[in-house]
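Inspection log for the structure reproduced underneath, given as structure tokens.
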Amino acid sequence: MKRRTGVTLVELMVYMAVMSIAIAAFAGYFGGFMKSAKGAEHKMQAAAELRLLFSRLSDGLHPAVAFTGVSASSVTIVCGSEQAPWYGPDADYDGDGIPNLKDTDDDGDAAQRFSLPADQQWRVGYDLEDDDDDNDGNRDCLMSFYYAPAERAVYRSAVFNAGTPEVTKLAVNISSFSFTAFGSKREDLGRNIDLGDDGMPGTADAGEGDGIITAREIDWVRPAQGGHGNRSGAVDTVDELKYVTTLELYAECDYNSDGRPDSFLRTHVSPPLVPLRRRR
């Protein structure tokens, strides 16, 4: 009778030990691969979220004709009436036979500009300087963009004719966000205030003569030195806001909420109509 072959208990234990080592090694490799793949996916999704946010912010800021508020967490701009939902590009508000889209003065009140006090001149003028094209006594369009850190979200708030704000969420999972204002040395207003952090000429301090007009210089250079600053620590007066030509946008996205940014992005936006309006 032929003897049956088999494995001994010792051999079985050896086989099991070898298999356990192999499985553990494979599991470790596979786990690392999955972790890396998941991390790469989070970075890709975070980068896409930031690109979409910056696209929305650029589109929203581009029509600005003036800044009425600038801080690290929010910006408020004035836009033309063409951004309002009631605007009719083919309508003819002043009945001069020229449709609004081609008319440089939709409501025909440009001649009244200098008959009003300076603080009321925003209500009349050519379209670029007239913020009340429908003559209701209110600004046609004010838009604010702001960061809500508690919600880790960026919002846009649009107000038409002093109505109820229309709030839109632009992005979520934004772990850090900031606006930074800059002026321009190529403009008459910015030409004489490149004086550095101390706002004084001839001290050779940080930033003096570097060709960059910072928010610090806008706020810190006083009238005696050729500026309009009040040294309040912010760009917060009508005269100071006239210097602003460019905004730097910076954002970080923590897509998986692990406390570490998965992607960050920085860009600059220079609304072309802002300096053009000031030259009028």
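Scheme for the structure tokens: letters A, B, ... for chains in order shown; per-chain residue numbers from 1; ligand numbers from 1 in order shown.
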Once DSSP has gone over the backbone, tell me which residues of segment 42-261 of chain A are in strand (DSSP E or B), as a PDB file with N, CA and C atoms, in the first residue's frame.
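Saved as part-v2.pdb:
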ATOM      1  N   ALA A  64     -14.594  96.667 -12.408  1.00  0.00           N
ATOM      2  CA  ALA A  64     -14.535  97.745 -11.417  1.00  0.00           C
ATOM      3  C   ALA A  64     -14.146  99.073 -12.056  1.00  0.00           C
ATOM      4  N   VAL A  65     -14.808 100.143 -11.612  1.00  0.00           N
ATOM      5  CA  VAL A  65     -14.417 101.495 -12.032  1.00  0.00           C
ATOM      6  C   VAL A  65     -13.830 102.268 -10.858  1.00  0.00           C
ATOM      7  N   ALA A  66     -14.039 101.773  -9.640  1.00  0.00           N
ATOM      8  CA  ALA A  66     -13.486 102.417  -8.446  1.00  0.00           C
ATOM      9  C   ALA A  66     -13.530 101.441  -7.280  1.00  0.00           C
ATOM     10  N   PHE A  67     -12.606 101.638  -6.340  1.00  0.00           N
ATOM     11  CA  PHE A  67     -12.609 100.877  -5.093  1.00  0.00           C
ATOM     12  C   PHE A  67     -13.210 101.744  -3.992  1.00  0.00           C
ATOM     13  N   THR A  68     -14.132 101.179  -3.223  1.00  0.00           N
ATOM     14  CA  THR A  68     -14.697 101.913  -2.088  1.00  0.00           C
ATOM     15  C   THR A  68     -14.304 101.289  -0.755  1.00  0.00           C
ATOM     16  N   GLY A  69     -13.653 100.162  -0.789  1.00  0.00           N
ATOM     17  CA  GLY A  69     -13.181  99.526   0.430  1.00  0.00           C
ATOM     18  C   GLY A  69     -12.182  98.433   0.122  1.00  0.00           C
ATOM     19  N   VAL A  70     -11.073  98.419   0.864  1.00  0.00           N
ATOM     20  CA  VAL A  70     -10.039  97.398   0.669  1.00  0.00           C
ATOM     21  C   VAL A  70      -9.480  97.003   2.030  1.00  0.00           C
ATOM     22  N   SER A  74     -11.513  91.613   2.603  1.00  0.00           N
ATOM     23  CA  SER A  74     -12.641  92.019   1.756  1.00  0.00           C
ATOM     24  C   SER A  74     -12.280  93.181   0.848  1.00  0.00           C
ATOM     25  N   VAL A  75     -13.009  93.256  -0.258  1.00  0.00           N
ATOM     26  CA  VAL A  75     -12.861  94.353  -1.224  1.00  0.00           C
ATOM     27  C   VAL A  75     -14.250  94.733  -1.711  1.00  0.00           C
ATOM     28  N   THR A  76     -14.503  96.035  -1.805  1.00  0.00           N
ATOM     29  CA  THR A  76     -15.769  96.516  -2.360  1.00  0.00           C
ATOM     30  C   THR A  76     -15.472  97.426  -3.541  1.00  0.00           C
ATOM     31  N   ILE A  77     -16.180  97.200  -4.645  1.00  0.00           N
ATOM     32  CA  ILE A  77     -15.947  97.966  -5.866  1.00  0.00           C
ATOM     33  C   ILE A  77     -17.254  98.552  -6.388  1.00  0.00           C
ATOM     34  N   VAL A  78     -17.107  99.616  -7.173  1.00  0.00           N
ATOM     35  CA  VAL A  78     -18.222 100.186  -7.925  1.00  0.00           C
ATOM     36  C   VAL A  78     -18.119  99.671  -9.350  1.00  0.00           C
ATOM     37  N   CYS A  79     -19.233  99.224  -9.907  1.00  0.00           N
ATOM     38  CA  CYS A  79     -19.274  98.762 -11.299  1.00  0.00           C
ATOM     39  C   CYS A  79     -20.271  99.600 -12.082  1.00  0.00           C
ATOM     40  N   CYS A 141     -24.524  99.731  -9.055  1.00  0.00           N
ATOM     41  CA  CYS A 141     -23.942  98.418  -8.746  1.00  0.00           C
ATOM     42  C   CYS A 141     -22.751  98.540  -7.802  1.00  0.00           C
ATOM     43  N   LEU A 142     -22.858  97.907  -6.652  1.00  0.00           N
ATOM     44  CA  LEU A 142     -21.751  97.760  -5.715  1.00  0.00           C
ATOM     45  C   LEU A 142     -21.522  96.270  -5.497  1.00  0.00           C
ATOM     46  N   MET A 143     -20.278  95.840  -5.607  1.00  0.00           N
ATOM     47  CA  MET A 143     -19.963  94.430  -5.388  1.00  0.00           C
ATOM     48  C   MET A 143     -18.883  94.297  -4.325  1.00  0.00           C
ATOM     49  N   SER A 144     -19.094  93.355  -3.430  1.00  0.00           N
ATOM     50  CA  SER A 144     -18.109  93.051  -2.397  1.00  0.00           C
ATOM     51  C   SER A 144     -17.676  91.593  -2.525  1.00  0.00           C
ATOM     52  N   PHE A 145     -16.403  91.364  -2.300  1.00  0.00           N
ATOM     53  CA  PHE A 145     -15.842  90.013  -2.279  1.00  0.00           C
ATOM     54  C   PHE A 145     -15.175  89.845  -0.918  1.00  0.00           C
ATOM     55  N   TYR A 146     -15.526  88.795  -0.198  1.00  0.00           N
ATOM     56  CA  TYR A 146     -15.007  88.680   1.163  1.00  0.00           C
ATOM     57  C   TYR A 146     -14.804  87.223   1.570  1.00  0.00           C
ATOM     58  N   TYR A 147     -13.906  87.067   2.547  1.00  0.00           N
ATOM     59  CA  TYR A 147     -13.555  85.746   3.074  1.00  0.00           C
ATOM     60  C   TYR A 147     -14.183  85.566   4.446  1.00  0.00           C
ATOM     61  N   ALA A 148     -14.846  84.437   4.648  1.00  0.00           N
ATOM     62  CA  ALA A 148     -15.434  84.087   5.940  1.00  0.00           C
ATOM     63  C   ALA A 148     -14.622  82.938   6.529  1.00  0.00           C
ATOM     64  N   ALA A 153     -14.833  79.904   3.487  1.00  0.00           N
ATOM     65  CA  ALA A 153     -15.505  80.149   2.209  1.00  0.00           C
ATOM     66  C   ALA A 153     -15.278  81.585   1.757  1.00  0.00           C
ATOM     67  N   VAL A 154     -15.326  81.782   0.441  1.00  0.00           N
ATOM     68  CA  VAL A 154     -15.232  83.112  -0.163  1.00  0.00           C
ATOM     69  C   VAL A 154     -16.574  83.428  -0.818  1.00  0.00           C
ATOM     70  N   TYR A 155     -17.046  84.654  -0.595  1.00  0.00           N
ATOM     71  CA  TYR A 155     -18.358  85.059  -1.084  1.00  0.00           C
ATOM     72  C   TYR A 155     -18.274  86.305  -1.963  1.00  0.00           C
ATOM     73  N   ARG A 156     -19.301  86.469  -2.782  1.00  0.00           N
ATOM     74  CA  ARG A 156     -19.537  87.723  -3.507  1.00  0.00           C
ATOM     75  C   ARG A 156     -20.908  88.242  -3.086  1.00  0.00           C
ATOM     76  N   SER A 157     -20.972  89.537  -2.799  1.00  0.00           N
ATOM     77  CA  SER A 157     -22.244  90.179  -2.469  1.00  0.00           C
ATOM     78  C   SER A 157     -22.469  91.316  -3.459  1.00  0.00           C
ATOM     79  N   ALA A 158     -23.564  91.259  -4.196  1.00  0.00           N
ATOM     80  CA  ALA A 158     -23.888  92.287  -5.190  1.00  0.00           C
ATOM     81  C   ALA A 158     -25.106  93.074  -4.724  1.00  0.00           C
ATOM     82  N   VAL A 159     -24.992  94.401  -4.758  1.00  0.00           N
ATOM     83  CA  VAL A 159     -26.097  95.281  -4.369  1.00  0.00           C
ATOM     84  C   VAL A 159     -26.415  96.189  -5.549  1.00  0.00           C
ATOM     85  N   PHE A 160     -27.642  96.123  -6.027  1.00  0.00           N
ATOM     86  CA  PHE A 160     -28.076  96.943  -7.154  1.00  0.00           C
ATOM     87  C   PHE A 160     -29.101  97.969  -6.667  1.00  0.00           C
ATOM     88  N   GLU A 166     -27.323  90.414  -2.916  1.00  0.00           N
ATOM     89  CA  GLU A 166     -27.432  89.095  -3.528  1.00  0.00           C
ATOM     90  C   GLU A 166     -26.099  88.375  -3.307  1.00  0.00           C
ATOM     91  N   VAL A 167     -26.115  87.404  -2.399  1.00  0.00           N
ATOM     92  CA  VAL A 167     -24.879  86.758  -1.958  1.00  0.00           C
ATOM     93  C   VAL A 167     -24.683  85.422  -2.669  1.00  0.00           C
ATOM     94  N   THR A 168     -23.469  85.230  -3.185  1.00  0.00           N
ATOM     95  CA  THR A 168     -23.115  83.996  -3.890  1.00  0.00           C
ATOM     96  C   THR A 168     -21.839  83.420  -3.291  1.00  0.00           C
ATOM     97  N   LYS A 169     -21.854  82.130  -2.988  1.00  0.00           N
ATOM     98  CA  LYS A 169     -20.649  81.468  -2.490  1.00  0.00           C
ATOM     99  C   LYS A 169     -19.764  81.111  -3.679  1.00  0.00           C
ATOM    100  N   LEU A 170     -18.514  81.584  -3.638  1.00  0.00           N
ATOM    101  CA  LEU A 170     -17.593  81.360  -4.752  1.00  0.00           C
ATOM    102  C   LEU A 170     -16.704  80.138  -4.564  1.00  0.00           C
ATOM    103  N   ALA A 171     -16.399  79.800  -3.319  1.00  0.00           N
ATOM    104  CA  ALA A 171     -15.511  78.651  -3.080  1.00  0.00           C
ATOM    105  C   ALA A 171     -15.606  78.213  -1.627  1.00  0.00           C
ATOM    106  N   ILE A 174     -11.456  76.801   1.742  1.00  0.00           N
ATOM    107  CA  ILE A 174     -10.372  77.774   1.635  1.00  0.00           C
ATOM    108  C   ILE A 174      -9.826  78.033   3.034  1.00  0.00           C
ATOM    109  N   SER A 175      -8.663  77.490   3.329  1.00  0.00           N
ATOM    110  CA  SER A 175      -8.106  77.570   4.681  1.00  0.00           C
ATOM    111  C   SER A 175      -7.399  78.885   4.957  1.00  0.00           C
ATOM    112  N   SER A 176      -7.015  79.611   3.921  1.00  0.00           N
ATOM    113  CA  SER A 176      -6.379  80.916   4.088  1.00  0.00           C
ATOM    114  C   SER A 176      -6.670  81.753   2.846  1.00  0.00           C
ATOM    115  N   PHE A 177      -6.898  83.050   3.068  1.00  0.00           N
ATOM    116  CA  PHE A 177      -7.219  83.918   1.932  1.00  0.00           C
ATOM    117  C   PHE A 177      -6.883  85.355   2.300  1.00  0.00           C
ATOM    118  N   SER A 178      -6.394  86.120   1.327  1.00  0.00           N
ATOM    119  CA  SER A 178      -6.110  87.533   1.594  1.00  0.00           C
ATOM    120  C   SER A 178      -6.083  88.357   0.311  1.00  0.00           C
ATOM    121  N   PHE A 179      -6.456  89.631   0.478  1.00  0.00           N
ATOM    122  CA  PHE A 179      -6.277  90.654  -0.544  1.00  0.00           C
ATOM    123  C   PHE A 179      -5.130  91.559  -0.095  1.00  0.00           C
ATOM    124  N   THR A 180      -4.318  92.014  -1.042  1.00  0.00           N
ATOM    125  CA  THR A 180      -3.285  93.010  -0.763  1.00  0.00           C
ATOM    126  C   THR A 180      -3.356  94.074  -1.847  1.00  0.00           C
ATOM    127  N   ALA A 181      -3.453  95.336  -1.431  1.00  0.00           N
ATOM    128  CA  ALA A 181      -3.604  96.435  -2.388  1.00  0.00           C
ATOM    129  C   ALA A 181      -2.248  97.022  -2.771  1.00  0.00           C
ATOM    130  N   PHE A 182      -2.138  97.423  -4.033  1.00  0.00           N
ATOM    131  CA  PHE A 182      -0.951  98.102  -4.535  1.00  0.00           C
ATOM    132  C   PHE A 182      -1.374  99.298  -5.381  1.00  0.00           C
ATOM    133  N   LEU A 195       8.289 105.870  -1.029  1.00  0.00           N
ATOM    134  CA  LEU A 195       9.181 106.340   0.030  1.00  0.00           C
ATOM    135  C   LEU A 195       9.470 105.292   1.094  1.00  0.00           C
ATOM    136  N   GLU A 208      11.958 101.946  -0.117  1.00  0.00           N
ATOM    137  CA  GLU A 208      12.103 103.270  -0.737  1.00  0.00           C
ATOM    138  C   GLU A 208      12.768 103.145  -2.108  1.00  0.00           C
ATOM    139  N   THR A 214       3.181 100.209  -2.208  1.00  0.00           N
ATOM    140  CA  THR A 214       2.479  99.293  -1.320  1.00  0.00           C
ATOM    141  C   THR A 214       1.343  99.994  -0.575  1.00  0.00           C
ATOM    142  N   THR A 246      -4.122  97.835  -8.231  1.00  0.00           N
ATOM    143  CA  THR A 246      -3.923  96.391  -8.368  1.00  0.00           C
ATOM    144  C   THR A 246      -4.216  95.689  -7.048  1.00  0.00           C
ATOM    145  N   LEU A 247      -4.797  94.505  -7.153  1.00  0.00           N
ATOM    146  CA  LEU A 247      -5.010  93.654  -5.988  1.00  0.00           C
ATOM    147  C   LEU A 247      -4.232  92.357  -6.160  1.00  0.00           C
ATOM    148  N   GLU A 248      -3.512  91.980  -5.132  1.00  0.00           N
ATOM    149  CA  GLU A 248      -2.907  90.652  -5.094  1.00  0.00           C
ATOM    150  C   GLU A 248      -3.868  89.724  -4.362  1.00  0.00           C
ATOM    151  N   LEU A 249      -4.156  88.577  -4.968  1.00  0.00           N
ATOM    152  CA  LEU A 249      -5.026  87.578  -4.357  1.00  0.00           C
ATOM    153  C   LEU A 249      -4.180  86.379  -3.951  1.00  0.00           C
ATOM    154  N   TYR A 250      -4.356  85.925  -2.725  1.00  0.00           N
ATOM    155  CA  TYR A 250      -3.636  84.739  -2.257  1.00  0.00           C
ATOM    156  C   TYR A 250      -4.619  83.821  -1.546  1.00  0.00           C
ATOM    157  N   ALA A 251      -4.546  82.534  -1.846  1.00  0.00           N
ATOM    158  CA  ALA A 251      -5.464  81.581  -1.218  1.00  0.00           C
ATOM    159  C   ALA A 251      -4.794  80.228  -1.040  1.00  0.00           C
ATOM    160  N   GLU A 252      -5.187  79.542   0.018  1.00  0.00           N
ATOM    161  CA  GLU A 252      -4.785  78.162   0.266  1.00  0.00           C
ATOM    162  C   GLU A 252      -6.042  77.315   0.407  1.00  0.00           C
ATOM    163  N   CYS A 253      -5.983  76.098  -0.113  1.00  0.00           N
ATOM    164  CA  CYS A 253      -7.133  75.193  -0.045  1.00  0.00           C
ATOM    165  C   CYS A 253      -6.744  73.919   0.702  1.00  0.00           C
TER     166      CYS A 253
END
Excluding Val221 of chain A and any residue of its chain fewer than 3 positions from it, enumerate the residues within 9 Å of it, using only C-alpha atoms, and give them as a PyMOL selection string. chain A and resi 193-200+216-218+224-231
Residue nearest Ala150 of chain A - candidates A:Val172, A:Ala22, A:Ala215, A:Val14, atoms counted: only C-alpha atoms: A:Val172
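Across segment 195-247 of chain A, DSSP run on the backbone finds helix (DSSP H, G or I) at Ala215, Arg216, Glu217, Ile218, Asp219, Trp220, Pro223, Ala224, Gln225, Val238, Asp239, Glu240 and Leu241 of chain A.
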Nearest to Ser58 of chain A among A:Thr104, A:Asn256, A:Ser115, A:Ser270, with distances taken over only C-alpha atoms: which residue is it? A:Ser270
Straight-line distance linking atom CA of Tyr126 of chain A with atom CA of Ala110 of chain A, stated in Å to one decimal: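 A separation of 5.2 Å between them.
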When you draw a straight line from atom CA of Ser81 of chain A to atom CA of Thr267 of chain A, how long is it in Å? 27.1 Å
